[in-house]
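Right, one structure below, let's go through it.
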Amino acid sequence: MVKAPVSLVLAGIGGMGAVYVRELLDHREAGPFRIAGAVDPEPDQCPWLEELRAMGVPVFAALDGFYRNRTAELAVVSSPIQYHAGQTCLALAKGSHVLCEKPVAATIGEVRRMMEAERAAGRWVSVGYQWSFSAAVQELKKDIIGGRFGAAKRLKCLYLWPRDEQYYRRNGWAGRKRDAQGGWVLDSPAQNAMAHDLHNMFYILGRERHTSAAPAEVEAELYRANPVENYDTAAMRARTEEGVEVLLYATHVPRREKGPVYSYEFEKAVVRCSSRTSGIWVEFAGGERKDYGVPDAGGMVKLWDAIRNVRTGDRPVCGLEAASSQTLCVNGMQDSMPEIREFPQAVRRVKEENGSRRIWVEGLDEAFEACYAANALPSELGFPWSARGRLVKLGTQYQFPISSGTEAPR
């Protein structure tokens with residue numbers, strides 16, 4: 001018996017949403033789906049709007065407008081961060097499963113609200129961290145869970161990713177803590193461009209396929225060189241509930257691009273990655289090596305998994321619980337250094353090339369590379385522009401912004 005195609009509503013069809021539209025249009029003949037509706041207050045930002053309309057797809061300014069007279073089995077939420085929680089909860093209440101783009105939400109309170117809505121609806125939410133859905137990461141995680149590498153000791157990531165001024169001008173919330181309506185965004189390298197890399201360190205430590213290890217405490221140093229509200233540079237140390245150290249060095253204002261460089265240290269092996277195209281491999285203490293492949297090779301597996309899971313009833317490999325560790329850590333980072341520290345004017349430089357203009361910080365590349373090698377934060381190595389953040393205890397009682405009693409005294 002041929003199963004009916006899965007009905008979809010697309011919440012957001014510009015930006016990342018346009019990537020989903022293109023993937024669906026490329027597979028419109030063979031794909032087991034139909035697009036029941038599209039939602040975007042500015043649909044003209046989608047390059048394939050006319051193709052959608054030619055297919056008879058109705059377009060709405062808001063998600064509640066779609067649900068007023070229509071239904072969908074799966075809602076694909078790829079709107080800006082500040083709308084993820086509200087749109088996901090609405091879709092669940094209307095009977096849809098949800099594929100929500102990363103990061104899952106701006107605050108851990110929003111994620112907890114999404115979890116409650118998921119339980120009440122009897123539906124599932126999948127979160128679009130594409131590495132988690134890749135064959136490479138799934139095989140790696142299977143080996144970790146199986147004990148092949150021994151206990152985890154320390155995981156760290158270095159990522160130098162230059163972004164120009166246009167990156168921060170592309171919308172009204174880039175680099176902001178809140179949007180114009182007061183909604184939390186917390187846009188930053190750790191919340192957006194490098195959110196995958198932060199999430200992945202917690203995800204592979206999860207004891208089950210669909211879970212992540214949770215951060216128990218975090219200490220962060222947050223800096224900026226661009227004229228933005230939030231940070232463009234972060235150095236962070238977290239510890240999981242099991243005591244594993246997690247380190248992140250991420251910046252949008254380096255002199256050159258490098259990474260992501262990973263070193264995941266276990267008792268018997270070290271997992272490594274040197275770029276988006278290098279793939280992931282493990283080096284065992286005895287000299288053996290195993291390659292896992294390139295996680296980015298199947299970037300839209302998350303979409304096809306979600307469509308299939310609607311019919312099979314399978315649980316997403318990365319859902320709200322797994323994605324919540326990144327949100328919890330990012331919230332703790334903000335509370336660790338609520339006032340972002342400015343890089344001194346003396347170390348800021350400007351590069352203009354091919355019509356673009358970007359700010360970079362002299363010596364930052366070398367400083368972060370030294371921190372990565374030493375497993376240290378910048379303040380611990382004494383860089384003159386650095387400052388120490390406070391240690392923030394996380395857990396089920398933690399609320400963002402920080403509430404009385406959640407900060408560990410120094």
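Each chain in the structure tokens gets a letter, A, B and so on, in the order shown; residues start at 1 in every chain, and ligands are counted from 1 in the order they appear.
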
Item to check | Picked from range 8-231 of chain A by DSSP as alpha helix (DSSP H), as a PyMOL selection string | outcome: chain A and resi 16-26+49-54+63-67+84-93+108-121+130-133+135-145+165-169+195-203

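The coordinates place CA of Arg315 in chain A at 16.6 Å from CA of Lys142 in chain A.
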
Checklist entry - Which polymer residues have any atom within 9 Å of an atom of range 162-179 of chain A, counting only C-alpha atoms, with same-chain residues fewer than 4 positions away left out, as a VMD selection string? => result chain A and resid 80 82 183 to 189 226 to 232 251 to 257 356 to 360

What does the file look like for those residues with N, CA and C atoms, as a compact mmCIF listing (two decimals), in the first residue's frame?
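Saved as part.txt:
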# COMPACT_ATOMS: atom_id res chain seq x y z
N PRO A 80 13.87 33.24 12.31
CA PRO A 80 14.91 33.70 13.24
C PRO A 80 14.77 33.09 14.63
N GLN A 82 14.51 34.04 17.66
CA GLN A 82 13.55 34.51 18.66
C GLN A 82 12.13 34.00 18.42
N GLY A 183 12.47 40.49 22.40
CA GLY A 183 12.65 39.05 22.51
C GLY A 183 14.12 38.67 22.57
N TRP A 184 14.45 37.67 23.39
CA TRP A 184 15.83 37.22 23.49
C TRP A 184 16.28 36.58 22.18
N VAL A 185 17.49 36.94 21.76
CA VAL A 185 18.14 36.35 20.59
C VAL A 185 19.48 35.75 20.99
N LEU A 186 20.31 36.57 21.68
CA LEU A 186 21.65 36.17 22.12
C LEU A 186 22.51 35.74 20.94
N ASP A 187 22.37 36.44 19.83
CA ASP A 187 23.13 36.08 18.64
C ASP A 187 24.62 36.28 18.88
N SER A 188 25.40 35.26 18.53
CA SER A 188 26.84 35.27 18.79
C SER A 188 27.46 34.11 18.04
N PRO A 189 28.79 34.00 18.00
CA PRO A 189 29.39 32.82 17.39
C PRO A 189 28.91 31.51 18.03
N ASN A 226 33.60 44.37 16.83
CA ASN A 226 32.58 44.98 15.98
C ASN A 226 31.63 45.85 16.81
N PRO A 227 31.01 46.84 16.19
CA PRO A 227 30.04 47.68 16.91
C PRO A 227 28.69 46.98 17.05
N VAL A 228 28.67 45.89 17.83
CA VAL A 228 27.46 45.11 18.04
C VAL A 228 27.16 45.07 19.53
N GLU A 229 25.94 44.65 19.87
CA GLU A 229 25.54 44.60 21.28
C GLU A 229 26.16 43.41 22.00
N ASN A 230 26.18 42.26 21.35
CA ASN A 230 26.68 41.06 21.99
C ASN A 230 28.13 40.80 21.57
N TYR A 231 28.65 39.63 21.85
CA TYR A 231 30.06 39.35 21.59
C TYR A 231 30.29 38.75 20.21
N ASP A 232 31.48 39.01 19.65
CA ASP A 232 31.90 38.37 18.42
C ASP A 232 33.06 37.41 18.66
N THR A 251 35.76 32.87 17.27
CA THR A 251 35.78 34.30 16.99
C THR A 251 35.42 34.60 15.54
N HIS A 252 34.79 35.75 15.34
CA HIS A 252 34.52 36.28 14.00
C HIS A 252 35.48 37.40 13.62
N VAL A 253 36.48 37.68 14.46
CA VAL A 253 37.41 38.77 14.15
C VAL A 253 38.87 38.32 14.16
N PRO A 254 39.17 37.16 13.58
CA PRO A 254 40.57 36.75 13.46
C PRO A 254 41.19 37.40 12.22
N ARG A 255 42.49 37.25 12.10
CA ARG A 255 43.15 37.73 10.89
C ARG A 255 42.89 36.77 9.73
N ARG A 256 42.88 35.48 10.01
CA ARG A 256 42.69 34.49 8.95
C ARG A 256 41.70 33.43 9.42
N GLU A 257 41.20 32.64 8.48
CA GLU A 257 40.26 31.57 8.81
C GLU A 257 41.01 30.29 9.17
N SER A 356 34.15 44.40 0.42
CA SER A 356 33.72 44.12 1.78
C SER A 356 34.69 44.74 2.77
N ARG A 357 34.20 44.97 3.97
CA ARG A 357 35.01 45.59 5.02
C ARG A 357 34.80 44.78 6.29
N ARG A 358 35.90 44.41 6.92
CA ARG A 358 35.77 43.66 8.16
C ARG A 358 36.83 44.09 9.17
N ILE A 359 36.48 43.92 10.43
CA ILE A 359 37.38 44.24 11.53
C ILE A 359 38.07 42.96 12.00
N TRP A 360 39.36 43.06 12.30
CA TRP A 360 40.06 41.92 12.90
C TRP A 360 40.95 42.44 14.01

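Among the candidates A:Val111, A:Ala117, A:Val361, A:Leu381, the one nearest to Tyr223 in chain A when counting only C-alpha atoms is A:Val361.
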
Quick one: everything within 9 Å of Asp40 in chain A, counting only C-alpha atoms, minus sequence neighbours fewer than 3 positions away in the same chain. Send it as an mmCIF file with N, CA and C atoms, in the first residue's frame.
data_model
loop_
_atom_site.group_PDB
_atom_site.id
_atom_site.type_symbol
_atom_site.label_atom_id
_atom_site.label_comp_id
_atom_site.auth_asym_id
_atom_site.auth_seq_id
_atom_site.Cartn_x
_atom_site.Cartn_y
_atom_site.Cartn_z
ATOM 1 N N LEU A 10 6.064 25.278 5.942
ATOM 2 C CA LEU A 10 7.405 25.852 6.060
ATOM 3 C C LEU A 10 7.304 27.200 6.748
ATOM 4 N N ALA A 11 7.776 27.277 7.976
ATOM 5 C CA ALA A 11 7.753 28.533 8.733
ATOM 6 C C ALA A 11 9.104 29.215 8.559
ATOM 7 N N GLY A 12 9.159 30.134 7.616
ATOM 8 C CA GLY A 12 10.400 30.788 7.229
ATOM 9 C C GLY A 12 10.874 30.242 5.896
ATOM 10 N N ILE A 13 10.895 31.086 4.863
ATOM 11 C CA ILE A 13 11.343 30.625 3.532
ATOM 12 C C ILE A 13 12.456 31.503 2.974
ATOM 13 N N GLY A 14 12.971 32.417 3.792
ATOM 14 C CA GLY A 14 14.162 33.177 3.432
ATOM 15 C C GLY A 14 15.324 32.682 4.266
ATOM 16 N N PRO A 43 7.964 37.285 2.236
ATOM 17 C CA PRO A 43 8.187 36.123 1.356
ATOM 18 C C PRO A 43 9.037 36.440 0.135
ATOM 19 N N ASP A 44 9.097 37.710 -0.270
ATOM 20 C CA ASP A 44 9.890 38.074 -1.443
ATOM 21 C C ASP A 44 11.377 37.816 -1.241
ATOM 22 N N GLN A 45 11.799 37.569 0.018
ATOM 23 C CA GLN A 45 13.199 37.259 0.280
ATOM 24 C C GLN A 45 13.557 35.844 -0.164
ATOM 25 N N VAL A 59 0.738 31.142 0.721
ATOM 26 C CA VAL A 59 1.746 31.822 1.519
ATOM 27 C C VAL A 59 1.053 32.712 2.542
ATOM 28 N N PHE A 60 1.505 32.613 3.797
ATOM 29 C CA PHE A 60 0.898 33.353 4.900
ATOM 30 C C PHE A 60 1.949 34.224 5.588
ATOM 31 N N ALA A 61 1.493 35.314 6.183
ATOM 32 C CA ALA A 61 2.404 36.209 6.893
ATOM 33 C C ALA A 61 2.768 35.667 8.270
ATOM 34 N N ALA A 62 1.881 34.850 8.853
ATOM 35 C CA ALA A 62 2.117 34.312 10.198
ATOM 36 C C ALA A 62 1.641 32.866 10.257
ATOM 37 N N LEU A 63 2.227 32.089 11.167
ATOM 38 C CA LEU A 63 1.924 30.659 11.255
ATOM 39 C C LEU A 63 0.490 30.408 11.704
ATOM 40 N N SER A 79 12.706 30.015 10.957
ATOM 41 C CA SER A 79 12.599 31.455 11.161
ATOM 42 C C SER A 79 13.731 31.927 12.065
#

Checklist entry - Looking at A:Ser96, A:Ser134, A:Ser278, A:Asn200, which one is nearest to Ala121 in chain A, with distances taken over only C-alpha atoms? => result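 Ranked by minimum distance to Ala121 in chain A, first place goes to A:Ser96.
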
Item to check | Atomic separation - CA of Thr233 in chain A relative to CA of Val137 in chain A, Å | outcome: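 For CA of Val137 in chain A relative to CA of Thr233 in chain A, the distance reads 26.4 Å.
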
Item to check | Contacts of His199 in chain A at 10 Å (only C-alpha atoms; same-chain gap of 6+ positions) as number ranges by chain | outcome: A: 102-103, 129, 131-132, 190-191, 212-213, 322-327, 329

Only C-alpha atoms, please: the residues just picked out, written as a tab-separated table (two decimals), in the first residue's frame.
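Written out: out32.tsv:
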chain	number	residue	atom	x	y	z
A	102	LYS	CA	19.39	25.31	15.25
A	103	PRO	CA	19.79	26.76	17.79
A	129	TYR	CA	22.07	20.25	13.97
A	131	TRP	CA	26.20	16.90	12.09
A	132	SER	CA	24.11	14.94	14.61
A	190	ALA	CA	28.41	30.23	20.04
A	191	GLN	CA	24.70	30.75	19.36
A	212	SER	CA	23.64	14.90	25.10
A	213	ALA	CA	25.81	15.34	28.17
A	322	ALA	CA	19.88	16.74	23.08
A	323	ALA	CA	19.84	20.33	21.80
A	324	SER	CA	19.17	21.87	25.22
A	325	SER	CA	22.80	21.49	26.36
A	326	GLN	CA	23.98	24.10	23.84
A	327	THR	CA	21.27	26.52	24.98
A	329	CYS	CA	25.76	26.53	28.01

Checklist entry - Counting only C-alpha atoms, which of A:Ile144, A:Cys371, A:Leu49, A:Val294 gets nearest to Val270 in chain A? => result A:Ile144

Sorted by chain and rising residue number, list the residues of range 236-284 of chain A at most 12 Å from range 296-303 of chain A (counting only C-alpha atoms), each with its closest atom pair and distance in Å to one decimal, as a Markdown table.
| residue | atom | partner | partner_atom | distance |
| --- | --- | --- | --- | --- |
| A:Ser275 | CA | A:Asp296 | CA | 10.6 |
| A:Arg276 | CA | A:Asp296 | CA | 7.0 |
| A:Thr277 | CA | A:Asp296 | CA | 7.7 |
| A:Ser278 | CA | A:Asp296 | CA | 10.1 |
| A:Gly279 | CA | A:Asp296 | CA | 8.5 |
| A:Ile280 | CA | A:Asp296 | CA | 10.6 |
